[in-house]
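**Q** So here's query_26.pdb, just PDB, C-alpha atoms, pLDDT in the B column:
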```
ATOM      1  CA  GLY A   1     112.021  67.543 116.941  1.00 32.00           C
ATOM      2  CA  PHE A   2     110.850  70.999 117.946  1.00 30.00           C
ATOM      3  CA  ALA A   3     112.024  73.397 120.629  1.00 32.00           C
ATOM      4  CA  MET A   4     109.981  76.335 121.917  1.00 31.00           C
ATOM      5  CA  LEU A   5     111.412  79.840 121.538  1.00 32.00           C
ATOM      6  CA  GLY A   6     109.071  82.227 123.272  1.00 32.00           C
ATOM      7  CA  HIS A   7     105.863  82.004 121.237  1.00 34.00           C
ATOM      8  CA  MET A   8     107.652  80.705 118.114  1.00 39.00           C
ATOM      9  CA  GLN A   9     108.464  77.098 117.313  1.00 41.00           C
ATOM     10  CA  ALA A  10     111.900  76.358 115.914  1.00 43.00           C
ATOM     11  CA  ARG A  11     113.114  73.004 114.732  1.00 47.00           C
ATOM     12  CA  SER A  12     116.043  71.499 116.582  1.00 54.00           C
ATOM     13  CA  ASP A  13     117.909  70.961 113.270  1.00 62.00           C
ATOM     14  CA  GLY A  14     117.697  74.697 112.564  1.00 66.00           C
ATOM     15  CA  SER A  15     115.439  74.373 109.521  1.00 84.00           C
ATOM     16  CA  PHE A  16     112.531  76.769 109.069  1.00 91.00           C
ATOM     17  CA  SER A  17     109.092  75.522 110.115  1.00 93.00           C
ATOM     18  CA  PRO A  18     106.321  75.704 107.483  1.00 94.00           C
ATOM     19  CA  THR A  19     104.846  78.703 109.371  1.00 95.00           C
ATOM     20  CA  VAL A  20     108.150  80.628 109.335  1.00 94.00           C
ATOM     21  CA  ARG A  21     108.759  79.722 105.663  1.00 94.00           C
ATOM     22  CA  ALA A  22     105.305  81.100 104.818  1.00 95.00           C
ATOM     23  CA  LYS A  23     106.077  84.356 106.681  1.00 96.00           C
ATOM     24  CA  ILE A  24     109.368  84.793 104.772  1.00 96.00           C
ATOM     25  CA  ILE A  25     107.694  84.108 101.407  1.00 93.00           C
ATOM     26  CA  GLU A  26     104.862  86.525 102.235  1.00 94.00           C
ATOM     27  CA  ARG A  27     107.304  89.233 103.380  1.00 96.00           C
ATOM     28  CA  ALA A  28     109.218  88.913 100.088  1.00 94.00           C
ATOM     29  CA  GLY A  29     106.041  89.203  98.041  1.00 91.00           C
ATOM     30  CA  GLY A  30     106.957  86.181  95.951  1.00 85.00           C
ATOM     31  CA  CYS A  31     110.204  87.738  94.666  1.00 91.00           C
ATOM     32  CA  CYS A  32     113.850  87.151  95.401  1.00 95.00           C
ATOM     33  CA  GLU A  33     114.891  89.601  98.133  1.00 96.00           C
ATOM     34  CA  ARG A  34     118.326  90.132  96.521  1.00 96.00           C
ATOM     35  CA  CYS A  35     117.255  90.643  92.885  1.00 94.00           C
ATOM     36  CA  PRO A  36     113.834  91.615  91.471  1.00 86.00           C
ATOM     37  CA  ARG A  37     113.338  88.191  89.905  1.00 82.00           C
ATOM     38  CA  GLY A  38     109.846  86.786  90.361  1.00 75.00           C
ATOM     39  CA  GLY A  39     108.736  83.261  89.619  1.00 72.00           C
ATOM     40  CA  ARG A  40     108.145  79.985  91.339  1.00 74.00           C
ATOM     41  CA  TRP A  41     111.556  78.532  92.215  1.00 84.00           C
ATOM     42  CA  PHE A  42     112.963  80.019  95.392  1.00 91.00           C
ATOM     43  CA  GLU A  43     114.977  78.838  98.348  1.00 92.00           C
ATOM     44  CA  VAL A  44     114.725  80.069 101.929  1.00 93.00           C
ATOM     45  CA  HIS A  45     118.309  80.981 102.785  1.00 94.00           C
ATOM     46  CA  HIS A  46     119.764  80.938 106.322  1.00 93.00           C
ATOM     47  CA  ARG A  47     121.625  84.225 106.899  1.00 94.00           C
ATOM     48  CA  SER A  48     123.466  82.626 109.849  1.00 90.00           C
ATOM     49  CA  PRO A  49     124.692  79.429 108.157  1.00 75.00           C
ATOM     50  CA  ARG A  50     123.656  76.214 109.907  1.00 70.00           C
ATOM     51  CA  GLY A  51     126.899  74.480 108.937  1.00 63.00           C
ATOM     52  CA  MET A  52     129.003  77.006 110.889  1.00 52.00           C
ATOM     53  CA  GLY A  53     127.441  76.474 114.305  1.00 49.00           C
ATOM     54  CA  GLY A  54     124.271  78.336 113.375  1.00 45.00           C
ATOM     55  CA  VAL A  55     122.047  75.500 114.614  1.00 51.00           C
ATOM     56  CA  ASP A  56     123.139  76.314 118.175  1.00 58.00           C
ATOM     57  CA  ASN A  57     121.790  79.883 118.001  1.00 63.00           C
ATOM     58  CA  GLU A  58     118.282  80.639 119.244  1.00 72.00           C
ATOM     59  CA  TRP A  59     117.480  82.611 116.069  1.00 78.00           C
ATOM     60  CA  THR A  60     118.391  79.921 113.525  1.00 82.00           C
ATOM     61  CA  GLY A  61     114.790  79.005 112.657  1.00 88.00           C
ATOM     62  CA  LEU A  62     113.310  82.510 112.970  1.00 92.00           C
ATOM     63  CA  ALA A  63     112.119  84.691 110.067  1.00 95.00           C
ATOM     64  CA  SER A  64     114.801  87.307 110.868  1.00 95.00           C
ATOM     65  CA  ASN A  65     117.398  84.696 109.873  1.00 94.00           C
ATOM     66  CA  GLY A  66     115.763  83.863 106.546  1.00 95.00           C
ATOM     67  CA  LEU A  67     115.845  85.444 103.099  1.00 96.00           C
ATOM     68  CA  LEU A  68     113.876  84.346 100.064  1.00 96.00           C
ATOM     69  CA  LEU A  69     116.389  83.941  97.239  1.00 96.00           C
ATOM     70  CA  CYS A  70     116.206  82.599  93.703  1.00 95.00           C
ATOM     71  CA  GLY A  71     118.624  79.727  93.073  1.00 93.00           C
ATOM     72  CA  ARG A  72     121.082  81.964  91.203  1.00 93.00           C
ATOM     73  CA  CYS A  73     121.253  84.503  94.065  1.00 96.00           C
ATOM     74  CA  HIS A  74     121.489  81.754  96.692  1.00 95.00           C
ATOM     75  CA  ARG A  75     124.550  80.294  94.932  1.00 95.00           C
ATOM     76  CA  TRP A  76     126.059  83.799  94.521  1.00 96.00           C
ATOM     77  CA  VAL A  77     125.596  84.631  98.219  1.00 97.00           C
ATOM     78  CA  GLU A  78     127.257  81.387  99.304  1.00 94.00           C
ATOM     79  CA  ALA A  79     130.169  81.868  96.856  1.00 97.00           C
ATOM     80  CA  ASN A  80     130.777  85.555  97.739  1.00 97.00           C
ATOM     81  CA  ARG A  81     130.800  85.539 101.535  1.00 95.00           C
ATOM     82  CA  PRO A  82     132.637  88.828 102.324  1.00 95.00           C
ATOM     83  CA  GLU A  83     130.316  90.914 100.112  1.00 97.00           C
ATOM     84  CA  SER A  84     127.276  88.953 101.324  1.00 97.00           C
ATOM     85  CA  ILE A  85     128.181  89.669 104.962  1.00 96.00           C
ATOM     86  CA  GLU A  86     128.697  93.364 104.133  1.00 96.00           C
ATOM     87  CA  ARG A  87     125.205  93.526 102.597  1.00 97.00           C
ATOM     88  CA  GLY A  88     123.487  91.474 105.302  1.00 97.00           C
ATOM     89  CA  TRP A  89     122.655  88.456 103.147  1.00 97.00           C
ATOM     90  CA  LEU A  90     124.928  86.435 105.425  1.00 96.00           C
ATOM     91  CA  VAL A  91     125.500  87.037 109.135  1.00 94.00           C
ATOM     92  CA  GLN A  92     128.722  86.159 110.912  1.00 91.00           C
ATOM     93  CA  TYR A  93     128.601  83.487 113.592  1.00 84.00           C
ATOM     94  CA  GLY A  94     127.363  84.918 116.895  1.00 84.00           C
ATOM     95  CA  ASP A  95     125.696  88.020 115.387  1.00 90.00           C
ATOM     96  CA  ASP A  96     121.929  88.242 115.888  1.00 91.00           C
ATOM     97  CA  PRO A  97     120.336  88.501 112.410  1.00 93.00           C
ATOM     98  CA  GLU A  98     117.581  90.733 113.822  1.00 93.00           C
ATOM     99  CA  LEU A  99     120.218  93.431 114.477  1.00 94.00           C
ATOM    100  CA  MET A 100     122.069  93.133 111.144  1.00 95.00           C
ATOM    101  CA  PRO A 101     120.820  95.354 108.265  1.00 96.00           C
ATOM    102  CA  VAL A 102     119.961  93.775 104.906  1.00 96.00           C
ATOM    103  CA  LEU A 103     120.230  95.403 101.478  1.00 96.00           C
ATOM    104  CA  LEU A 104     117.135  94.571  99.425  1.00 96.00           C
ATOM    105  CA  HIS A 105     116.960  94.580  95.617  1.00 93.00           C
ATOM    106  CA  SER A 106     114.999  97.851  95.859  1.00 92.00           C
ATOM    107  CA  GLY A 107     118.055  99.553  97.381  1.00 93.00           C
ATOM    108  CA  GLN A 108     116.360  99.847 100.783  1.00 94.00           C
ATOM    109  CA  VAL A 109     118.333  98.829 103.838  1.00 95.00           C
ATOM    110  CA  VAL A 110     116.084  97.125 106.389  1.00 96.00           C
ATOM    111  CA  LEU A 111     116.122  94.984 109.495  1.00 96.00           C
ATOM    112  CA  LEU A 112     114.206  91.700 109.459  1.00 96.00           C
ATOM    113  CA  ASP A 113     111.937  90.944 112.409  1.00 94.00           C
ATOM    114  CA  ARG A 114     111.251  87.502 113.819  1.00 91.00           C
ATOM    115  CA  ASP A 115     107.540  88.081 113.095  1.00 91.00           C
ATOM    116  CA  GLY A 116     108.312  88.129 109.356  1.00 93.00           C
ATOM    117  CA  SER A 117     108.221  91.885 108.722  1.00 95.00           C
ATOM    118  CA  TYR A 118     110.666  94.581 107.611  1.00 95.00           C
ATOM    119  CA  ARG A 119     111.800  97.438 109.855  1.00 92.00           C
ATOM    120  CA  ARG A 120     113.686 100.435 108.517  1.00 87.00           C
ATOM    121  CA  ALA A 121     117.346 100.346 109.469  1.00 81.00           C
ATOM    122  CA  ALA A 122     119.166 103.351 110.930  1.00 69.00           C
ATOM    123  CA  PRO A 123     119.059 106.479 108.746  1.00 61.00           C
ATOM    124  CA  THR A 124     121.694 106.568 106.030  1.00 55.00           C
ATOM    125  CA  VAL A 125     124.764 108.762 106.313  1.00 52.00           C
ATOM    126  CA  GLU A 126     126.388 110.543 103.395  1.00 50.00           C
ATOM    127  CA  VAL A 127     130.042 109.733 102.959  1.00 49.00           C
ATOM    128  CA  PRO A 128     132.160 111.853 100.594  1.00 49.00           C
ATOM    129  CA  VAL A 129     133.772 109.749  97.865  1.00 48.00           C
ATOM    130  CA  GLY A 130     135.897 111.608  95.306  1.00 50.00           C
ATOM    131  CA  ARG A 131     133.732 114.281  93.694  1.00 51.00           C
ATOM    132  CA  GLY A 132     130.419 112.547  94.409  1.00 49.00           C
ATOM    133  CA  ARG A 133     128.692 111.365  97.532  1.00 46.00           C
ATOM    134  CA  VAL A 134     127.585 107.856  98.322  1.00 48.00           C
ATOM    135  CA  ALA A 135     124.804 107.022 100.777  1.00 48.00           C
ATOM    136  CA  THR A 136     125.604 104.137 103.056  1.00 48.00           C
ATOM    137  CA  SER A 137     124.246 102.610 106.231  1.00 45.00           C
ATOM    138  CA  TRP A 138     127.427 100.947 107.406  1.00 41.00           C
TER     139      TRP A 138
END
```
Go ahead and express the file in the form of structure tokens.

**A**
Amino acid sequence: GFAMLGHMQARSDGSFSPTVRAKIIERAGGCCERCPRGGRWFEVHHRSPRGMGGVDNEWTGLASNGLLLCGRCHRWVEANRPESIERGWLVQYGDDPELMPVLLHSGQVVLLDRDGSYRRAAPTVEVPVGRGRVATSW
């Protein structure tokens, strides 16, 4: 079944509608959003996992909750949850994915909009680390 969310349709099981899937694939430009791998075999990954109560959130089926990942990256993200949360590939239960920055394979840190576009995240801050400096957004 479908439930209306503003002007967007979301499926009651939390899966992405064909329209939302198309927006995520278009946004990614046909490449994995975690690594620069191109090709044909990709999976649309839920940043807020459906199995952990994510189906109950209004954003579950929105483009801001989806990432286009190759199978290898999808498995890596699921197996490495703390690092995936830190980099925005996974979102902790209750956090709105639209407000959680994502590290792309290009090194850019962006926010994902429900309309299927990227928005620049907050400006980076330089943090001193040993003799060098490391740019970080969080």

**Q** Between CA of Gly39 in chain A and CA of Glu86 in chain A, measure the distance and give it in Å to one decimal.

**A**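 Between CA of Gly39 in chain A and CA of Glu86 in chain A the gap works out to 26.7 Å.
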
**Q** So the first atom is CA of Leu99 in chain A and the second is CA of Ala79 in chain A; what is the distance between them in Å, to one decimal place?

**A**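 Going from CA of Leu99 in chain A over to CA of Ala79 in chain A covers 23.3 Å.
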
**Q** Quick one: what's the axis-aligned box for range 75-93 of chain A, all listed atoms, 3 Å on every side, centre and edges in Å to one decimal, as JSON?

**A**
```
{"center_x": 127.6, "center_y": 86.9, "center_z": 104.1, "size_x": 16.0, "size_y": 19.2, "size_z": 25.1}
```

**Q** To one decimal place, how far is CA of Phe16 in chain A from CA of Ala121 in chain A in Å?

**A**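 Taking CA of Phe16 in chain A and CA of Ala121 in chain A, their separation equals 24.1 Å.
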
**Q** I'd like to know which of A:Arg120, A:Arg87, A:Arg40, A:His46 is closest to Arg21 in chain A, using only C-alpha atoms.

**A** A:His46

**Q** Starting from the PyMOL selection byres ((chain A and resi 66) around 8), expand the selection into actual residues of this file and give them as a list in words.

**A**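 So the PyMOL selection byres ((chain A and resi 66) around 8), applied here, picks out Ile24, Val44, His45, His46, Arg47, Gly61, Leu62, Ala63, Ser64, Asn65, Leu67 and Leu68 of chain A.
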